[in-house]
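Okay, target.cif is below, mmCIF, C-alpha atoms and all ligand atoms:
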data_structure
loop_
_atom_site.label_atom_id
_atom_site.label_comp_id
_atom_site.auth_asym_id
_atom_site.auth_seq_id
_atom_site.Cartn_x
_atom_site.Cartn_y
_atom_site.Cartn_z
CA MET A 1 92.33 -5.22 -77.84
CA GLN A 2 94.15 -8.55 -77.51
CA ALA A 3 97.12 -9.05 -79.85
CA PHE A 4 96.24 -12.72 -80.15
CA ASP A 5 93.16 -14.90 -79.92
CA TYR A 6 93.37 -16.74 -76.65
CA LYS A 7 90.03 -18.45 -77.20
CA LYS A 8 87.89 -16.82 -74.59
CA GLN A 9 84.70 -18.76 -73.95
CA THR A 10 81.22 -17.38 -74.53
CA LEU A 11 78.56 -18.69 -72.20
CA GLU A 12 74.97 -18.65 -73.39
CA PRO A 13 72.16 -17.27 -71.23
CA ILE A 14 70.20 -19.76 -69.14
CA LYS A 15 66.55 -19.11 -69.97
CA SER A 16 64.92 -21.04 -67.13
CA LEU A 17 65.90 -23.23 -64.19
CA ARG A 18 64.61 -26.18 -66.15
CA SER A 19 67.15 -25.52 -68.89
CA ALA A 20 70.07 -24.98 -66.49
CA PRO A 21 72.98 -27.40 -66.97
CA ARG A 22 72.36 -30.73 -65.28
CA GLU A 23 76.03 -31.37 -64.75
CA GLU A 24 77.23 -30.60 -61.22
CA MET A 25 80.73 -29.20 -60.74
CA TYR A 26 80.37 -28.91 -56.95
CA LEU A 27 79.46 -32.32 -55.62
CA PRO A 28 77.84 -33.57 -52.40
CA GLY A 29 79.91 -35.05 -49.59
CA HIS A 30 81.53 -31.96 -48.09
CA ARG A 31 81.35 -30.95 -44.44
CA THR A 32 79.64 -27.57 -44.48
CA CYS A 33 76.79 -27.02 -42.01
CA SER A 34 73.33 -28.13 -42.98
CA GLY A 35 71.59 -25.29 -44.87
CA CYS A 36 74.89 -23.54 -45.67
CA GLY A 37 74.19 -20.63 -48.05
CA PRO A 38 77.79 -20.36 -49.34
CA ALA A 39 77.81 -24.09 -50.28
CA LEU A 40 74.67 -23.66 -52.38
CA ASN A 41 76.19 -20.51 -53.79
CA TYR A 42 79.28 -22.46 -54.88
CA ARG A 43 77.16 -25.12 -56.50
CA LEU A 44 75.28 -22.55 -58.59
CA VAL A 45 78.42 -20.64 -59.61
CA ALA A 46 80.16 -23.88 -60.64
CA LYS A 47 77.11 -25.06 -62.57
CA ALA A 48 76.90 -21.77 -64.47
CA ALA A 49 80.63 -21.67 -65.22
CA GLY A 50 80.93 -25.29 -66.40
CA ARG A 51 83.90 -27.57 -67.06
CA ASP A 52 86.59 -25.19 -68.32
CA THR A 53 86.91 -23.38 -65.04
CA ILE A 54 89.56 -22.84 -62.40
CA PHE A 55 88.53 -21.79 -58.90
CA ILE A 56 90.79 -19.98 -56.51
CA GLY A 57 89.63 -20.49 -52.92
CA PRO A 58 91.12 -18.20 -50.27
CA THR A 59 90.95 -19.59 -46.73
CA GLY A 60 87.46 -19.54 -45.25
CA CYS A 61 84.56 -21.94 -44.73
CA MET A 62 84.50 -22.81 -48.42
CA TYR A 63 88.09 -24.01 -48.18
CA VAL A 64 88.22 -25.53 -44.72
CA ALA A 65 84.84 -27.29 -44.64
CA ASN A 66 85.17 -28.36 -48.27
CA SER A 67 88.61 -29.89 -48.38
CA SER A 68 89.79 -32.48 -45.92
CA TYR A 69 92.27 -35.31 -46.36
CA LEU A 70 92.75 -34.71 -50.10
CA CYS A 71 89.02 -34.99 -50.65
CA THR A 72 87.10 -32.04 -52.15
CA PRO A 73 83.69 -31.52 -53.74
CA TYR A 74 85.12 -29.70 -56.77
CA ALA A 75 84.82 -31.44 -60.13
CA VAL A 76 86.91 -28.72 -61.81
CA SER A 77 90.37 -27.37 -61.03
CA TRP A 78 90.56 -25.66 -57.67
CA ILE A 79 93.48 -24.13 -55.82
CA HIS A 80 93.75 -22.84 -52.28
CA ALA A 81 95.08 -19.31 -51.78
CA GLN A 82 95.93 -17.58 -48.54
CA ILE A 83 93.03 -15.52 -47.20
CA THR A 84 95.01 -12.40 -48.12
CA ASN A 85 95.94 -13.18 -51.70
CA GLY A 86 93.13 -14.63 -53.82
CA GLY A 87 93.57 -11.81 -56.34
CA GLY A 88 97.32 -12.37 -56.56
CA VAL A 89 97.05 -16.13 -57.20
CA ALA A 90 94.33 -15.54 -59.82
CA SER A 91 96.48 -12.89 -61.54
CA GLY A 92 99.37 -15.35 -61.85
CA ILE A 93 97.16 -18.10 -63.28
CA GLU A 94 95.58 -15.73 -65.79
CA ALA A 95 98.94 -14.33 -66.91
CA ALA A 96 100.42 -17.83 -67.22
CA TYR A 97 97.59 -19.03 -69.46
CA LYS A 98 98.01 -15.98 -71.68
CA VAL A 99 101.75 -16.58 -72.02
CA LEU A 100 101.19 -20.27 -72.82
CA ALA A 101 98.57 -19.39 -75.43
CA ARG A 102 100.80 -16.75 -77.00
CA ARG A 103 103.73 -19.17 -77.18
CA LYS A 104 101.42 -21.80 -78.70
CA LYS A 105 102.02 -24.18 -75.80
CA TYR A 106 98.32 -24.26 -74.94
CA ASP A 107 95.53 -24.12 -77.46
CA GLY A 108 92.48 -25.09 -75.39
CA PRO A 109 89.75 -22.64 -74.37
CA PHE A 110 90.86 -19.89 -72.04
CA PRO A 111 89.56 -21.05 -68.63
CA ASN A 112 87.00 -19.17 -66.59
CA ILE A 113 89.15 -18.00 -63.70
CA ILE A 114 87.05 -17.37 -60.61
CA VAL A 115 88.07 -16.33 -57.11
CA MET A 116 85.48 -17.47 -54.57
CA ALA A 117 86.36 -15.45 -51.50
CA GLY A 118 84.43 -14.79 -48.32
CA ASP A 119 83.70 -11.25 -47.19
CA GLY A 120 86.91 -11.37 -45.14
CA GLY A 121 88.98 -12.72 -48.03
CA SER A 122 87.64 -10.11 -50.43
CA VAL A 123 86.81 -6.72 -48.95
CA ASP A 124 88.78 -6.85 -45.69
CA ILE A 125 91.94 -8.92 -45.28
CA GLY A 126 91.99 -9.81 -49.02
CA LEU A 127 91.26 -6.28 -50.26
CA GLN A 128 94.72 -5.18 -51.39
CA SER A 129 95.22 -8.29 -53.50
CA MET A 130 91.74 -8.11 -55.05
CA SER A 131 92.15 -4.43 -55.79
CA ALA A 132 95.57 -4.88 -57.40
CA MET A 133 94.23 -7.65 -59.63
CA MET A 134 91.39 -5.42 -60.77
CA TYR A 135 93.63 -2.41 -61.23
CA ARG A 136 95.99 -4.38 -63.50
CA GLY A 137 93.02 -5.59 -65.55
CA HIS A 138 93.33 -9.37 -65.27
CA ASP A 139 90.59 -11.38 -66.92
CA VAL A 140 89.26 -12.81 -63.67
CA LEU A 141 85.82 -12.94 -62.02
CA PHE A 142 86.16 -12.10 -58.33
CA ILE A 143 83.19 -13.26 -56.25
CA CYS A 144 82.56 -12.20 -52.68
CA TYR A 145 80.24 -14.79 -51.15
CA ASP A 146 78.99 -12.77 -48.27
CA ASN A 147 77.97 -14.65 -45.14
CA GLU A 148 78.53 -11.43 -43.22
CA SER A 149 81.21 -12.67 -40.82
CA TYR A 150 84.56 -14.35 -40.50
CA ALA A 151 82.61 -17.57 -40.16
CA ASN A 152 85.26 -20.24 -40.35
CA THR A 153 87.13 -19.10 -37.28
CA GLY A 154 84.03 -18.79 -35.10
CA ILE A 155 81.81 -15.96 -36.40
CA GLN A 156 83.90 -12.86 -35.80
CA THR A 157 82.70 -9.51 -37.09
CA SER A 158 83.78 -8.47 -40.59
CA PRO A 159 83.23 -5.17 -42.43
CA THR A 160 80.05 -6.55 -44.02
CA THR A 161 78.52 -7.74 -40.73
CA PRO A 162 75.34 -5.70 -40.27
CA TYR A 163 74.87 -3.10 -37.58
CA GLY A 164 73.46 -4.66 -34.43
CA ALA A 165 74.73 -8.19 -35.03
CA ASN A 166 75.96 -10.28 -32.12
CA THR A 167 79.26 -11.88 -33.13
CA THR A 168 82.06 -13.32 -31.02
CA PHE A 169 83.91 -10.00 -31.36
CA THR A 170 80.81 -7.79 -30.90
CA PRO A 171 78.90 -9.35 -28.01
CA PRO A 172 76.10 -7.15 -26.68
CA GLY A 173 76.53 -6.06 -23.09
CA LYS A 174 75.87 -3.21 -20.68
CA LEU A 175 78.27 -0.77 -22.35
CA VAL A 176 77.39 -1.64 -25.96
CA PRO A 177 73.84 -3.04 -25.90
CA GLU A 178 73.45 -3.30 -29.68
CA GLY A 179 76.52 -5.50 -30.32
CA LYS A 180 78.05 -4.22 -33.54
CA THR A 181 77.85 -0.44 -33.66
CA LEU A 182 79.20 0.17 -37.18
CA PHE A 183 77.25 0.00 -40.43
CA PRO A 184 78.75 -2.20 -43.16
CA LYS A 185 81.16 -1.45 -45.99
CA ASP A 186 79.66 -1.38 -49.48
CA PRO A 187 81.76 -3.85 -51.53
CA PRO A 188 80.38 -3.11 -55.05
CA GLN A 189 80.89 0.62 -54.50
CA LEU A 190 84.46 0.00 -53.37
CA VAL A 191 85.13 -1.83 -56.63
CA ILE A 192 83.23 0.56 -58.90
CA GLY A 193 84.76 3.65 -57.35
CA GLY A 194 88.39 2.70 -57.64
CA HIS A 195 89.09 0.44 -60.62
CA PRO A 196 89.01 2.00 -64.09
CA LEU A 197 89.36 -1.36 -65.91
CA VAL A 198 86.37 -2.98 -64.21
CA LYS A 199 83.36 -2.83 -66.55
CA TYR A 200 80.85 -5.13 -64.88
CA VAL A 201 79.77 -5.43 -61.24
CA ALA A 202 76.56 -6.99 -59.94
CA THR A 203 74.86 -8.15 -56.77
CA THR A 204 72.81 -11.29 -56.39
CA VAL A 205 71.55 -13.73 -53.77
CA VAL A 206 71.46 -17.47 -53.46
CA SER A 207 67.64 -17.43 -53.28
CA ARG A 208 67.48 -16.32 -56.92
CA PRO A 209 69.39 -19.05 -58.73
CA LEU A 210 68.58 -17.93 -62.29
CA ASP A 211 69.60 -14.36 -61.60
CA LEU A 212 72.77 -15.62 -59.91
CA MET A 213 73.78 -18.02 -62.69
CA ASN A 214 73.16 -15.50 -65.45
CA LYS A 215 75.14 -12.81 -63.68
CA VAL A 216 78.01 -15.30 -63.35
CA ARG A 217 77.84 -16.01 -67.08
CA LYS A 218 77.59 -12.37 -68.01
CA ALA A 219 80.59 -11.51 -65.83
CA LEU A 220 82.63 -14.37 -67.29
CA ASN A 221 81.89 -13.22 -70.84
CA VAL A 222 83.45 -9.84 -70.13
CA ASP A 223 87.09 -9.59 -71.19
CA GLY A 224 88.63 -8.17 -68.04
CA PRO A 225 88.11 -8.06 -64.27
CA THR A 226 84.56 -8.33 -62.93
CA PHE A 227 83.03 -8.49 -59.46
CA LEU A 228 79.94 -10.16 -58.04
CA HIS A 229 78.68 -9.60 -54.52
CA MET A 230 76.50 -12.54 -53.43
CA LEU A 231 74.47 -12.71 -50.24
CA ALA A 232 74.88 -16.21 -48.81
CA PRO A 233 72.95 -16.72 -45.55
CA CYS A 234 74.84 -18.67 -42.89
CA PRO A 235 72.54 -20.50 -40.42
CA LYS A 236 75.31 -20.98 -37.88
CA GLY A 237 76.55 -17.39 -37.83
CA TRP A 238 73.18 -15.68 -38.19
CA LYS A 239 71.50 -18.18 -35.85
CA PHE A 240 68.45 -19.09 -37.88
CA ASP A 241 66.75 -22.41 -38.54
CA GLU A 242 68.73 -24.18 -41.26
CA LYS A 243 65.63 -24.82 -43.35
CA LEU A 244 65.17 -21.04 -43.78
CA THR A 245 68.32 -20.30 -45.83
CA LEU A 246 66.47 -19.41 -49.04
CA GLU A 247 63.79 -17.54 -47.10
CA MET A 248 66.47 -15.37 -45.43
CA GLY A 249 67.76 -14.41 -48.90
CA ARG A 250 64.24 -13.63 -50.11
CA LEU A 251 63.45 -11.52 -47.04
CA ALA A 252 66.74 -9.64 -47.39
CA VAL A 253 65.54 -8.45 -50.81
CA GLU A 254 61.91 -7.87 -49.79
CA THR A 255 62.93 -5.66 -46.86
CA GLY A 256 65.59 -3.72 -48.78
CA MET A 257 68.43 -5.10 -46.66
CA TRP A 258 69.89 -6.38 -49.96
CA SER A 259 69.52 -4.78 -53.42
CA LEU A 260 69.75 -6.61 -56.72
CA TYR A 261 71.49 -4.63 -59.42
CA GLU A 262 74.02 -4.57 -62.21
CA TRP A 263 76.51 -1.87 -63.01
CA GLU A 264 77.76 -2.08 -66.56
CA ASN A 265 80.05 0.43 -68.23
CA GLY A 266 79.01 3.13 -65.79
CA GLU A 267 75.25 2.46 -65.83
CA TYR A 268 73.10 1.01 -63.08
CA LYS A 269 70.21 -1.36 -63.71
CA TYR A 270 68.18 -2.84 -60.89
CA THR A 271 67.24 -6.41 -61.72
CA HIS A 272 64.45 -6.55 -59.15
CA ILE A 273 62.76 -3.84 -57.12
CA PRO A 274 60.07 -4.91 -54.61
CA LYS A 275 56.75 -3.14 -55.21
CA LYS A 276 56.35 -2.56 -51.49
CA TYR A 277 59.18 -3.07 -49.03
CA LYS A 278 58.54 -5.07 -45.85
CA PRO A 279 59.87 -3.68 -42.55
CA VAL A 280 63.39 -4.85 -41.68
CA SER A 281 62.05 -6.47 -38.50
CA GLU A 282 60.44 -9.12 -40.75
CA TYR A 283 63.96 -10.21 -41.72
CA MET A 284 65.66 -9.69 -38.38
CA LYS A 285 63.15 -11.57 -36.23
CA TYR A 286 64.26 -14.98 -37.53
CA GLN A 287 67.92 -14.40 -36.71
CA GLY A 288 69.37 -14.96 -33.24
CA ARG A 289 72.22 -12.57 -33.98
CA PHE A 290 69.69 -9.71 -33.69
CA SER A 291 67.57 -11.11 -30.86
CA HIS A 292 69.09 -8.78 -28.20
CA LEU A 293 68.13 -5.60 -30.08
CA LYS A 294 65.68 -3.09 -28.66
CA ALA A 295 63.09 -1.13 -30.66
CA GLU A 296 65.42 1.89 -30.93
CA HIS A 297 68.15 -0.25 -32.55
CA ILE A 298 65.73 -1.76 -35.06
CA ALA A 299 64.53 1.77 -35.88
CA LYS A 300 68.15 2.75 -36.54
CA MET A 301 68.51 -0.18 -38.93
CA GLN A 302 65.23 0.78 -40.64
CA ALA A 303 66.46 4.34 -41.13
CA PHE A 304 69.68 3.06 -42.70
CA VAL A 305 67.73 0.83 -45.11
CA ASP A 306 65.18 3.58 -45.90
CA GLU A 307 68.02 5.81 -47.01
CA LYS A 308 69.40 3.03 -49.22
CA ILE A 309 65.96 2.46 -50.75
CA GLN A 310 65.69 6.15 -51.68
CA LYS A 311 68.86 5.77 -53.75
CA VAL A 312 67.37 2.76 -55.53
CA LYS A 313 64.27 4.77 -56.36
CA ALA A 314 66.38 7.64 -57.66
CA ILE A 315 68.11 5.36 -60.19
CA ALA A 316 65.35 2.75 -60.61
CA VAL A 317 65.82 1.30 -64.06
CA GLU A 318 64.47 -2.20 -63.78
CA ALA A 319 65.82 -4.87 -66.12
CA ALA A 320 64.78 -8.47 -66.77
CA VAL A 321 67.05 -11.40 -65.83
CA PRO A 322 70.32 -10.44 -67.50
CA THR A 323 71.36 -11.68 -70.91
CA PRO A 324 74.91 -12.94 -70.77
CA LYS A 325 76.39 -11.21 -73.79
CA ALA A 326 80.01 -10.11 -73.81
CA GLY A 327 80.74 -6.81 -72.13
CA ALA A 328 83.14 -4.16 -73.29
C1 LIG B 401 96.57 -14.05 -42.46
C2 LIG B 401 95.52 -14.88 -41.80
N1 LIG B 401 94.81 -14.36 -40.79
C3 LIG B 401 93.83 -15.09 -40.22
C4 LIG B 401 93.57 -16.36 -40.66
C5 LIG B 401 92.51 -17.16 -39.97
N2 LIG B 401 91.32 -17.34 -40.77
C6 LIG B 401 91.13 -18.42 -41.55
S1 LIG B 401 89.63 -18.47 -42.29
C7 LIG B 401 89.17 -17.03 -41.56
C8 LIG B 401 87.79 -16.48 -41.76
C9 LIG B 401 87.52 -16.12 -43.18
O1 LIG B 401 86.37 -15.32 -43.29
P1 LIG B 401 85.73 -15.09 -44.70
O2 LIG B 401 86.75 -14.70 -45.68
O3 LIG B 401 84.59 -14.16 -44.55
O4 LIG B 401 85.23 -16.55 -45.11
P2 LIG B 401 84.17 -17.47 -44.29
O5 LIG B 401 84.95 -18.26 -43.31
O6 LIG B 401 83.19 -16.56 -43.67
O7 LIG B 401 83.57 -18.35 -45.33
C10 LIG B 401 90.22 -16.51 -40.76
C11 LIG B 401 90.18 -15.27 -39.96
C12 LIG B 401 94.34 -16.87 -41.73
N3 LIG B 401 94.12 -18.09 -42.23
N4 LIG B 401 95.31 -16.12 -42.29
S1 LIG B 402 79.54 -21.54 -40.60
FE1 LIG B 402 78.12 -20.72 -42.14
S2 LIG B 402 79.32 -20.49 -44.03
FE2 LIG B 402 80.48 -21.82 -42.64
S3 LIG B 402 79.90 -23.91 -43.25
FE3 LIG B 402 78.53 -23.29 -41.57
S4 LIG B 402 76.70 -22.40 -42.57
FE4 LIG B 402 78.37 -22.52 -44.10
MG MG B 403 82.56 -14.64 -44.31
#

Show this structure as structure tokens.
Amino acid sequence: MQAFDYKKQTLEPIKSLRSAPREEMYLPGHRTCSGCGPALNYRLVAKAAGRDTIFIGPTGCMYVANSSYLCTPYAVSWIHAQITNGGGVASGIEAAYKVLARRKKYDGPFPNIIVMAGDGGSVDIGLQSMSAMMYRGHDVLFICYDNESYANTGIQTSPTTPYGANTTFTPPGKLVPEGKTLFPKDPPQLVIGGHPLVKYVATTVVSRPLDLMNKVRKALNVDGPTFLHMLAPCPKGWKFDEKLTLEMGRLAVETGMWSLYEWENGEYKYTHIPKKYKPVSEYMKYQGRFSHLKAEHIAKMQAFVDEKIQKVKAIAVEAAVPTPKAGA
């Protein structure tokens, strides 16, 4: 319970793409690659969050390619954080607004405070700061836009890079023919498993804009820390044709490489379950990062995904596009 009313915003559900806000808070003119999934991701998050929003941007493509010579695409407040400390900067901003509101020095709406961190800036090099923010219970939405590599510095492997991917730090060769040998970390499970004050976690993908925007709104309506894990295909790092960005997101879901779910107050709900899963090769064949793989490696990936799918089936409560009402 809050001892004072700090005017938290309530964001209404978006019923259809047609009724989504027209106003853009992430504008054209930046320097991301053509077909950049994270850039589209940013645009959708900013659209869903609206004007009274502050973004914290740890170092990564969405900082470097978006801000040059005092020129940025953000139409709302935005602050750069070190790649290691997005959660720390967000915690300070949130605490400062609460103090100002309590001392009656600020009486506007409490801003939506959103960290937009890459996979590196969230669940690897930024993990301690994100975890501490969640543990202390700050009212912040932490988003991991997952392009599955340390993209900005030249596509190095990260803990969410898939098994078998060719990155600059996992090149396939005679000794290690499959490239990356490890299977990825599971970011939502890391958050759910270790943070008692987190009440809402969800996954989404840039190819499902309505699902994505409504999960953003739902998370922002929760009073406390929340986490969204968003798959954001990166044509440069994954080596696919830039016109296929949305298709890569769709295929990730259709093959089971990516699951769409919400976890709310301890309960799982899948927001989409394919009736029949396609083989993972359907997804991998478009991406140059997997082109060196042999049949035995693809079979290993399929086995990993099959096991994941079994878990989905075991829980399998399918829900419609989420309704952004306030959480606990
Ligand atoms: C402490 C520190 N180590 C390394 C870097 C170099 N660096 C800048 S951006 C970046 C990659 C970030 O990867 P990710 O968070 O996944 O974002 P992406 O670039 O993929 O969007 C790295 C390694 C840094 N800025 N600070
Ligand atoms: S490297 Fe990937 S994430 Fe970075 S700007 Fe290019 S497409 Fe976007
Ligand atoms: Mg990344």

Using all atoms listed in the file, find each protein or nucleic acid residue lying at most 8 Å from ligand LIG 402 (chain B); present the set as a PyMOL selection string. chain A and resi 31-39+60-62+65+147+151-152+154-155+232-237

Nearest-residue call for His229 (chain A), choices A:Ser122, A:Thr255, A:Gln128, A:Thr157, using all atoms listed in the file: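 Checking each candidate against His229 (chain A), we get A:Ser122 as the closest.
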
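Remark: for ligand MG 403 (chain B), the closest of the candidate residues A:Val89, A:Ala252, A:Ala320, A:Met116 is A:Met116 (distances computed over all atoms listed in the file).
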
So which one's closest to ligand MG 403 (chain B), A:Leu27, A:Ile83, A:Val191, A:Ala96? Using only C-alpha atoms and all ligand atoms, please.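 Looking at the shortest contact to ligand MG 403 (chain B), the residue is A:Ile83.
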
Could you tell me, counting only C-alpha atoms and all ligand atoms, which protein and nucleic acid residues lie no more than 6 Å from ligand MG 403 (chain B), written as JSON, numbers by chain? {"A": [118, 119, 120, 146, 147, 148, 149, 150, 151]}

Rank nothing, just name the residue among A:Lys285, A:His80, A:His272, A:Lys8 nearest to ligand LIG 401 (chain B), using all atoms listed in the file.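 Looking at the shortest contact to ligand LIG 401 (chain B), the residue is A:His80.
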
Any idea what the distance is between CA of Arg250 (chain A) and CA of Ser207 (chain A)?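 Result for CA of Arg250 (chain A) versus CA of Ser207 (chain A): 6.0 Å, one decimal.
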
Provide the CA of Phe4 (chain A) to CA of Lys98 (chain A) distance in Å, to one decimal place.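 Separation between CA of Phe4 (chain A) and CA of Lys98 (chain A): 9.2 Å.
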
May I have the centre and edge lengths, in Å to one decimal, of an axis-aligned box around the listed atoms of ligand LIG 401 (chain B) with 5 Å added to every side, as JSON?
{"center_x": 89.9, "center_y": -16.3, "center_z": -42.8, "size_x": 23.4, "size_y": 14.4, "size_z": 15.7}

Shortest contact to ligand LIG 401 (chain B), candidates A:Glu254, A:Asp124, A:Asp107, A:Asp5, atoms counted all atoms listed in the file, goes to A:Asp124

Atom-to-atom span, CA of Val140 (chain A) and CA of Asp223 (chain A), Å: 8.5 Å

Could you pull the residues within 9 Å of Pro111 (chain A), counting all atoms listed in the file, minus those fewer than 3 positions along the same chain, as a compact mmCIF listing (two decimals) with C-alpha atoms, in the frame of the given file?
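File written: result.txt
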# COMPACT_ATOMS: atom_id res chain seq x y z
CA LYS A 7 90.03 -18.45 -77.20
CA LYS A 8 87.89 -16.82 -74.59
CA GLN A 9 84.70 -18.76 -73.95
CA ARG A 51 83.90 -27.57 -67.06
CA ASP A 52 86.59 -25.19 -68.32
CA THR A 53 86.91 -23.38 -65.04
CA ILE A 54 89.56 -22.84 -62.40
CA GLU A 94 95.58 -15.73 -65.79
CA TYR A 97 97.59 -19.03 -69.46
CA GLY A 108 92.48 -25.09 -75.39

Just checking: using only C-alpha atoms and all ligand atoms, which residue out of A:Trp258, A:Tyr135, A:Trp263, A:Tyr42 ends up closest to ligand LIG 401 (chain B)? A:Tyr42

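Within 9 Å of Val123 (chain A), once all atoms listed in the file are used and residues closer than 2 positions along the same chain are dropped, the contacting residues are Gly118, Asp119, Gly120, Gly121, Ile125, Gly126, Leu127, Gln128, Met130, Ser131, Cys144, Pro159, Thr160, Lys185, Asp186, Pro187 and Leu190 of chain A.
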
For the residues selected in the previous step, produce a file with C-alpha atoms as a PDB file, in the frame of the given file.
ATOM      1  CA  GLY A 118      84.430 -14.790 -48.320  1.00  0.00           C
ATOM      2  CA  ASP A 119      83.700 -11.250 -47.190  1.00  0.00           C
ATOM      3  CA  GLY A 120      86.910 -11.370 -45.140  1.00  0.00           C
ATOM      4  CA  GLY A 121      88.980 -12.720 -48.030  1.00  0.00           C
ATOM      5  CA  ILE A 125      91.940  -8.920 -45.280  1.00  0.00           C
ATOM      6  CA  GLY A 126      91.990  -9.810 -49.020  1.00  0.00           C
ATOM      7  CA  LEU A 127      91.260  -6.280 -50.260  1.00  0.00           C
ATOM      8  CA  GLN A 128      94.720  -5.180 -51.390  1.00  0.00           C
ATOM      9  CA  MET A 130      91.740  -8.110 -55.050  1.00  0.00           C
ATOM     10  CA  SER A 131      92.150  -4.430 -55.790  1.00  0.00           C
ATOM     11  CA  CYS A 144      82.560 -12.200 -52.680  1.00  0.00           C
ATOM     12  CA  PRO A 159      83.230  -5.170 -42.430  1.00  0.00           C
ATOM     13  CA  THR A 160      80.050  -6.550 -44.020  1.00  0.00           C
ATOM     14  CA  LYS A 185      81.160  -1.450 -45.990  1.00  0.00           C
ATOM     15  CA  ASP A 186      79.660  -1.380 -49.480  1.00  0.00           C
ATOM     16  CA  PRO A 187      81.760  -3.850 -51.530  1.00  0.00           C
ATOM     17  CA  LEU A 190      84.460   0.000 -53.370  1.00  0.00           C
TER      18      LEU A 190
END

Applying 10 Å and only C-alpha atoms, which residues near region 303-316 of chain A remain after dropping the ones on its own chain fewer than 2 positions away? List them as a PyMOL selection string. chain A and resi 163+183+255-261+267-273+277+279-280+297-301+318-319

Protein and nucleic acid residues near (88.2, -18.3, -58.8) (cut-off 7 Å, only C-alpha atoms) as a ChimeraX atom specification: /A:54-57,90,113-116,141-142

Can you pull out every residue within 10 Å of Gly224 (chain A), counting only C-alpha atoms, but drop anything in the same chain fewer than 6 positions away, and send it as a list in words?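 Counting only the stated atoms, we get Met134, Arg136, Gly137, His138, Asp139, Val140, Leu141, Leu197, Val198, Lys199, Tyr200, Gly327 and Ala328 of chain A.
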